[in-house]
Amino acid sequence: TSIGNQHIVETFDFGRSPDGAAYMVMEYLEGRSLAELIEGWAPLQLERITKIGVQIAEALNAAHLAGIVHRDLKPDNVFLCEREGDADFVKILDFGIAKFGVSQAKLTQAGAVFGTPAYMSPEQAVGRATDGRTDVYALGVMLYEMACGRVPFQGESALAVLAQHSNDEPEPLSRRKPDVSPELEAIVHKCLKKDVEARYASMAELAADLSRLASGMPVRAEPRAALPTPVAKEDVVTLPEVATASAPSAAEAPVLVVERGVPWPLVLL
């Protein structure tokens with residue numbers, strides 16, 4: 001409620017009913033999630049990708065300016081509803097595991113990570129400090145998925161996916177979709193940098209590049225270079241943390257909780 005952006009779902013009231021049950025009153029939305037759109041229509045057209053991407057980036061830029069990092073950005077948490085004839089009006093949902101700035105109450109302890117494996121940044125996967133660039137990484141994953149219909153990393157287990165986020169370079173979009181816009185590939189590649197300092201510094205910068213692409217103007221992201229030589233197996237960095245997975249939230253994929261010092265193996269609760 002402190003963000004005040006039209007692309008973030010509105011919350012009007014909250015409290016407890018006479019029997020003690022907690023409730024929250026939110027705006028009623030009609031439409032579908034971005035996950036449903038991707039499942040039925042991906043790969044999406046470039047115009048649609050940039051339009052949706054700009055709205056998400058602008059909304060999260062407002063959240064970041066308010067000191068709030070979403071940390072669980074994924075297509076299931078992006079809702080597309082119709083507003084004034086626009087069928088792709090974005091509403092971002094579920095700030096349930098958002099991390100507030102140091103000036104506000106912290107909802108989690110340092111060393112614990114929450115998120116959905118397919119969209120988690122490398123620093124988030126190993127329990128390091130997160131900021132707005134963590135959401136930039138997640139939006140990069142979503143742009144990738146909208147462009148080719150698949151997330152960059154898939155694996156047999158949640159831990160395998162987290163290890164790929166930490167160690168592996170994603171398959172270039174142009175290999176999965178040869179006719180993809182080189183400018184879009186450059187934007188996605190910058191979002192998915194392992195080094196947070198190499199990503200877009202803010203959602204505002206990402207929104208600006210997506211707007212340039214939509215307008216046919218040159219983007220600031222540099223084209224992706226050739227993939228580096230694969231590293232030897234013994235040189236691969238392994239995840240220093242151990243993961244435990246919590247129960248699913250609603251119908252979503254498992255939300256991961258990674259805590260330092262918990263012994264192997266991965267335990268699914």
# chains A, B, ... in the order shown; residues from 1 in each chain; ligands from 1
>>> residues_around(residues="Pro122 of chain A", least_positions_apart="5", cutoff="7 Å", atoms="only C-alpha atoms", output="list in words")
His165, Ser166 and Lys194 of chain A
>>> write_last_selection(atoms="C-alpha atoms", output="JSON list (two decimals), in the first residue's frame")
[["chain", "number", "residue", "atom", "x", "y", "z"],
["A", 165, "HIS", "CA", 21.84, -20.28, -11.66],
["A", 166, "SER", "CA", 25.09, -20.09, -9.70],
["A", 194, "LYS", "CA", 25.89, -13.54, -12.50]]
>>> residues_around(residues="Gly216 of chain A", least_positions_apart="6", cutoff="12 Å", atoms="only C-alpha atoms", output="ChimeraX atom specification")
/A:46-47,50,181,183-184,209-210
>>> select_by_dssp(residues="segment 103-234 of chain A", states="strand (DSSP E or B)", output="VMD selection string")
chain A and resid 112 to 115
>>> select_by_dssp(residues="segment 3-150 of chain A", states="alpha helix (DSSP H)", output="number ranges by chain")
A: 34-41, 46-65, 122-125, 132-148
>>> residues_around(residues="Lys91 of chain A", least_positions_apart="2", cutoff="7 Å", atoms="only C-alpha atoms", output="compact mmCIF listing (two decimals) with N, CA and C atoms, in the first residue's frame")
# COMPACT_ATOMS: atom_id res chain seq x y z
N HIS A 7 0.28 -0.38 -11.37
CA HIS A 7 0.54 -1.75 -11.82
C HIS A 7 0.81 -2.71 -10.66
N ILE A 8 0.54 -2.28 -9.44
CA ILE A 8 0.64 -3.16 -8.28
C ILE A 8 -0.75 -3.30 -7.67
N VAL A 9 -1.17 -4.52 -7.39
CA VAL A 9 -2.52 -4.77 -6.90
C VAL A 9 -2.79 -3.93 -5.66
N VAL A 78 2.26 -12.22 -11.86
CA VAL A 78 1.95 -11.10 -12.74
C VAL A 78 0.60 -11.38 -13.38
N PHE A 79 -0.35 -10.50 -13.14
CA PHE A 79 -1.72 -10.70 -13.64
C PHE A 79 -1.99 -9.71 -14.75
N LEU A 80 -2.62 -10.17 -15.81
CA LEU A 80 -2.96 -9.35 -16.97
C LEU A 80 -4.47 -9.16 -17.00
N PHE A 89 -2.93 -5.16 -19.39
CA PHE A 89 -2.62 -4.21 -18.31
C PHE A 89 -2.10 -5.01 -17.13
N LEU A 93 1.32 -9.11 -8.21
CA LEU A 93 0.69 -9.67 -7.01
C LEU A 93 1.74 -10.22 -6.05
>>> closest_residue(among="A:Val161, A:Ala118, A:Met142, A:Val126", to="Pro43 of chain A", atoms="only C-alpha atoms")
A:Met142
>>> residues_around(residues="Pro75 of chain A", least_positions_apart="5", cutoff="8 Å", atoms="only C-alpha atoms", output="compact mmCIF listing (two decimals) with N, CA and C atoms, in the first residue's frame")
# COMPACT_ATOMS: atom_id res chain seq x y z
N SER A 33 -3.18 -14.89 -15.58
CA SER A 33 -1.80 -14.66 -15.19
C SER A 33 -0.89 -14.69 -16.41
N LEU A 34 0.28 -14.09 -16.25
CA LEU A 34 1.27 -14.15 -17.32
C LEU A 34 1.69 -15.60 -17.57
N ALA A 35 1.67 -16.42 -16.54
CA ALA A 35 2.00 -17.84 -16.70
C ALA A 35 1.04 -18.51 -17.67
N MET A 142 11.97 -14.00 -16.92
CA MET A 142 10.63 -13.93 -17.49
C MET A 142 10.64 -13.44 -18.93
>>> atom_distance(atom1="atom CA of Leu73 of chain A", atom2="atom CA of Ile92 of chain A")
8.5 Å
>>> atom_distance(atom1="atom CA of Lys190 of chain A", atom2="atom CA of Gly4 of chain A")
28.2 Å
>>> atom_distance(atom1="atom CA of Glu84 of chain A", atom2="atom CA of Gln55 of chain A")
15.5 Å
>>> residues_around(residues="segment 174-177 of chain A", least_positions_apart="4", cutoff="9 Å", atoms="only C-alpha atoms", output="ChimeraX atom specification")
/A:43,147-148,150,181-182,185
>>> write_last_selection(atoms="all heavy atoms", output="compact mmCIF listing (two decimals), in the first residue's frame")
# COMPACT_ATOMS: atom_id res chain seq x y z
N PRO A 43 6.17 -18.72 -28.03
CA PRO A 43 6.84 -17.43 -27.84
C PRO A 43 5.94 -16.26 -28.23
O PRO A 43 5.22 -16.32 -29.22
CB PRO A 43 8.06 -17.53 -28.76
CG PRO A 43 7.69 -18.54 -29.81
CD PRO A 43 6.78 -19.52 -29.14
N ALA A 147 10.02 -14.97 -24.59
CA ALA A 147 10.59 -14.95 -25.94
C ALA A 147 10.70 -16.33 -26.57
O ALA A 147 10.60 -16.47 -27.79
CB ALA A 147 11.97 -14.29 -25.91
N CYS A 148 10.91 -17.36 -25.74
CA CYS A 148 11.11 -18.70 -26.33
C CYS A 148 10.24 -19.78 -25.71
O CYS A 148 10.26 -20.93 -26.19
CB CYS A 148 12.58 -19.10 -26.24
SG CYS A 148 13.16 -19.52 -24.59
N ARG A 150 10.48 -21.11 -22.68
CA ARG A 150 11.17 -21.92 -21.67
C ARG A 150 12.00 -21.02 -20.77
O ARG A 150 12.50 -19.97 -21.21
CB ARG A 150 12.10 -22.94 -22.33
CG ARG A 150 11.42 -23.99 -23.18
CD ARG A 150 12.44 -24.83 -23.91
NE ARG A 150 13.41 -25.45 -23.01
CZ ARG A 150 14.51 -26.10 -23.42
NH1 ARG A 150 14.78 -26.19 -24.72
NH2 ARG A 150 15.32 -26.64 -22.56
N SER A 181 14.91 -11.07 -31.62
CA SER A 181 15.54 -9.76 -31.79
C SER A 181 16.90 -9.74 -31.08
O SER A 181 16.98 -10.05 -29.89
CB SER A 181 14.63 -8.68 -31.18
OG SER A 181 15.36 -7.51 -30.90
N PRO A 182 17.97 -9.37 -31.79
CA PRO A 182 19.29 -9.29 -31.14
C PRO A 182 19.29 -8.30 -29.98
O PRO A 182 19.98 -8.50 -28.98
CB PRO A 182 20.21 -8.82 -32.27
CG PRO A 182 19.51 -9.20 -33.53
CD PRO A 182 18.05 -9.08 -33.24
N GLU A 185 17.75 -9.99 -27.00
CA GLU A 185 18.72 -10.93 -26.45
C GLU A 185 19.78 -10.19 -25.62
O GLU A 185 20.18 -10.66 -24.54
CB GLU A 185 19.40 -11.72 -27.56
CG GLU A 185 20.37 -12.78 -27.02
CD GLU A 185 20.91 -13.68 -28.12
OE1 GLU A 185 21.11 -13.20 -29.24
OE2 GLU A 185 21.14 -14.87 -27.83
>>> residues_around(residues="Gly132 of chain A", least_positions_apart="2", cutoff="12 Å", atoms="only C-alpha atoms", output="ChimeraX atom specification")
/A:57,59-73,98-101,121,123-124,129-130,134-139,191,196-197,199-206
